[in-house]
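The block underneath contains the structure these notes are about, expressed in structure tokens.
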Amino acid sequence: MLEKPFSQSCENNKQPILDILSRVLVDKTTLLEIGSGTGQHAAHFAPRLTHLQWHTSDMPDKHLAIAAWLEDVDVDNVHQPFSLTIGASSTWPLANIDAVFTANTTHIMQPLETQFMMQLVADNLPVGGVFCQYGPYKFQGQYSSESNKAFDQHLAQQGCGGIRDINELTLWAKPLFLLETVVMPANNFMLVWQK
Ligand SMILES: C[S@@+](CC[C@H](N)C(=O)[O-])C[C@H]1O[C@@H](n2cnc3c(N)ncnc32)[C@H](O)[C@@H]1O
């Protein structure tokens with residue numbers, strides 16, 4: 001088994017994120033995580049949100065890492081990753097998903113991929129379904145901090161899509177409605193959308 005990759009930012013943000021998920025997903029049953037990455041979030045959240053079936057997903061090159069983290073989790077409500085690469089031909093991996101979580105994927109994806117993600121979630125969640133989207137965002141074209149502006153320049157150099165504006169996400173997410181924009185540590189936000 002692969003040595004587990006470790007993300008310090010996951011370690012830092014897991015409790016603030018859990019506080020929100022515990023509150024806004026209290027009546028949900030089946031969650032899809034998009035871009036599970038190392039698998040650390042799933043390994044932390046699933047044992048603490050036992051009312052949810054937690055389905056991980058990412059591109060295939062991340063699956064070994066996710067499996068390595070899930071190996072240490074002794075609960076039966078967390079599931080091995082679906083192969084889900086967001087793009088024009090992405091399909092919804094499972095019926096009955098009433099919640100979606102994604103962290104730090106929106107600024108990594110190309111803008112068109114983010115648009116596909118918003119549309120895929122909006123099309124497939126049932127009425128009342130919730131989408132929690134964690135990361136850095138722009139507001140009316142403005143960065144929320146100088147450090148996010150510098151981070152965005154770094155993302156551009158890396159070929160990533162960059163920090164998206166809440167206004168464009170709102171257009172792409174229709175008919176999802178932006179229920180809450182929660183200020184999080186380290187100049188991040190949790191967007192809570194509902195259909
Ligand atoms: C910065 S990592 C975040 C991982 C994890 N969610 C976290 O918060 O640590 C970005 C993740 O997005 C995934 N990703 C990037 N583009 C994607 C796409 N088009 N479809 C699905 N996942 C994608 C990457 O594989 C990676 O795991």
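Within each chain, counting starts at residue 1; across the structure tokens, chains are named A, B, ... in the order shown, with ligands numbered 1 upward in that order.
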Using only C-alpha atoms and all ligand atoms, determine which residues fall within 6 Å of ligand 1, then list them as an MDAnalysis selection string.
-> chainID A and resid 10 35:37 58:59 84:87 102:105 108:109 113
Prev. selection, C-alpha atoms, output as a PDB file, in the first residue's frame:
ATOM      1  CA  CYS A  10      -6.440  19.604   5.275  1.00  0.00           C
ATOM      2  CA  GLY A  35     -11.768  15.871  -5.833  1.00  0.00           C
ATOM      3  CA  SER A  36     -11.076  13.935  -2.616  1.00  0.00           C
ATOM      4  CA  GLY A  37      -7.328  14.457  -3.113  1.00  0.00           C
ATOM      5  CA  ASP A  58     -11.246  11.957  -7.952  1.00  0.00           C
ATOM      6  CA  MET A  59      -9.190  11.347 -11.051  1.00  0.00           C
ATOM      7  CA  LEU A  84     -14.773  11.237 -11.662  1.00  0.00           C
ATOM      8  CA  THR A  85     -12.908  13.702 -13.861  1.00  0.00           C
ATOM      9  CA  ILE A  86     -15.015  16.789 -14.304  1.00  0.00           C
ATOM     10  CA  GLY A  87     -15.343  17.700 -17.971  1.00  0.00           C
ATOM     11  CA  THR A 102     -15.726  19.756  -2.607  1.00  0.00           C
ATOM     12  CA  ALA A 103     -12.665  21.485  -1.153  1.00  0.00           C
ATOM     13  CA  ASN A 104      -9.974  23.396  -2.976  1.00  0.00           C
ATOM     14  CA  THR A 105     -10.906  22.121  -6.419  1.00  0.00           C
ATOM     15  CA  ILE A 108      -7.462  24.145  -9.582  1.00  0.00           C
ATOM     16  CA  MET A 109      -9.912  23.249 -12.362  1.00  0.00           C
ATOM     17  CA  GLU A 113     -14.324  22.466 -15.882  1.00  0.00           C
TER      18      GLU A 113
END
Could you pull the residues within 6 Å of stretch 124-137 of chain A, counting only C-alpha atoms, minus those fewer than 4 positions along the same chain, as a list in words?
-> Asp98, Ala99, Val100, Phe101, Thr102, Ala103, Asn104, Ile163, Arg164, Asp165, Asn188, Phe189, Met190, Leu191, Val192, Trp193, Gln194 and Lys195 of chain A
For the selection you just gave me, I'd like the residues written to a file as a PDB file, in the first residue's frame, keeping C-alpha atoms.
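Contents of again_13.pdb, freshly written:
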ATOM      1  CA  ASP A  98     -28.526  14.512  -1.807  1.00  0.00           C
ATOM      2  CA  ALA A  99     -25.308  16.317  -0.769  1.00  0.00           C
ATOM      3  CA  VAL A 100     -22.034  17.239  -2.479  1.00  0.00           C
ATOM      4  CA  PHE A 101     -18.812  18.452  -0.870  1.00  0.00           C
ATOM      5  CA  THR A 102     -15.726  19.756  -2.607  1.00  0.00           C
ATOM      6  CA  ALA A 103     -12.665  21.485  -1.153  1.00  0.00           C
ATOM      7  CA  ASN A 104      -9.974  23.396  -2.976  1.00  0.00           C
ATOM      8  CA  ILE A 163      -9.687  31.839  -8.153  1.00  0.00           C
ATOM      9  CA  ARG A 164     -13.259  32.218  -9.387  1.00  0.00           C
ATOM     10  CA  ASP A 165     -15.685  35.027  -8.650  1.00  0.00           C
ATOM     11  CA  ASN A 188     -11.147  30.803   2.579  1.00  0.00           C
ATOM     12  CA  PHE A 189     -14.928  30.551   2.398  1.00  0.00           C
ATOM     13  CA  MET A 190     -17.542  27.839   2.516  1.00  0.00           C
ATOM     14  CA  LEU A 191     -20.246  28.366  -0.082  1.00  0.00           C
ATOM     15  CA  VAL A 192     -23.433  26.526   0.842  1.00  0.00           C
ATOM     16  CA  TRP A 193     -25.717  26.082  -2.176  1.00  0.00           C
ATOM     17  CA  GLN A 194     -29.166  24.556  -2.161  1.00  0.00           C
ATOM     18  CA  LYS A 195     -31.397  23.373  -4.967  1.00  0.00           C
TER      19      LYS A 195
END
For atom CA of A:Phe6 and atom CA of A:Leu112, determine how far apart the two atoms are, in Å to one decimal place.
->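 Interatomic distance here is 28.6 Å.
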So how many Å separate atom CA of A:Gly161 and atom CA of A:Gln115, to one decimal?
->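 Those two atoms sit 11.2 Å apart.
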Test item: residues at most 10 Å from A:Asp61, only C-alpha atoms, excluding those fewer than 4 positions along its chain, as a ChimeraX atom specification | /A:37,65-66,83
Which residue gives the smallest distance to A:Ser9 among A:His154, A:His41, A:His107, A:Arg48, with only C-alpha atoms counted?
->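 Once distances to A:Ser9 are computed over only C-alpha atoms, the minimum belongs to A:His41.
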9 Å contact set for A:Asp76, only C-alpha atoms, chain neighbours under 6 positions out, as a VMD selection string | chain A and resid 46 to 47 50 53
Close residues, A:Phe82 itself excluded, 9 Å, only C-alpha atoms, min 3 positions apart in chain, as a ChimeraX atom specification | /A:55-60,63,79,93
Between atom CA of A:Val73 and atom CA of A:Val183, distance in Å (one decimal) | 29.4 Å
Could you tell me, as a PyMOL selection string, which residues of stretch 2-195 of chain A DSSP assigns to helix (DSSP H, G or I) when given the backbone?
-> chain A and resi 8-24+40-48+60-71+111-124+146-158+166-173
May I have all residues of stretch 30-136 of chain A that DSSP, computed from the backbone, assigns to strand (DSSP E or B), given as a PyMOL selection string?
-> chain A and resi 30-34+53-58+78-83+99-103+130-135
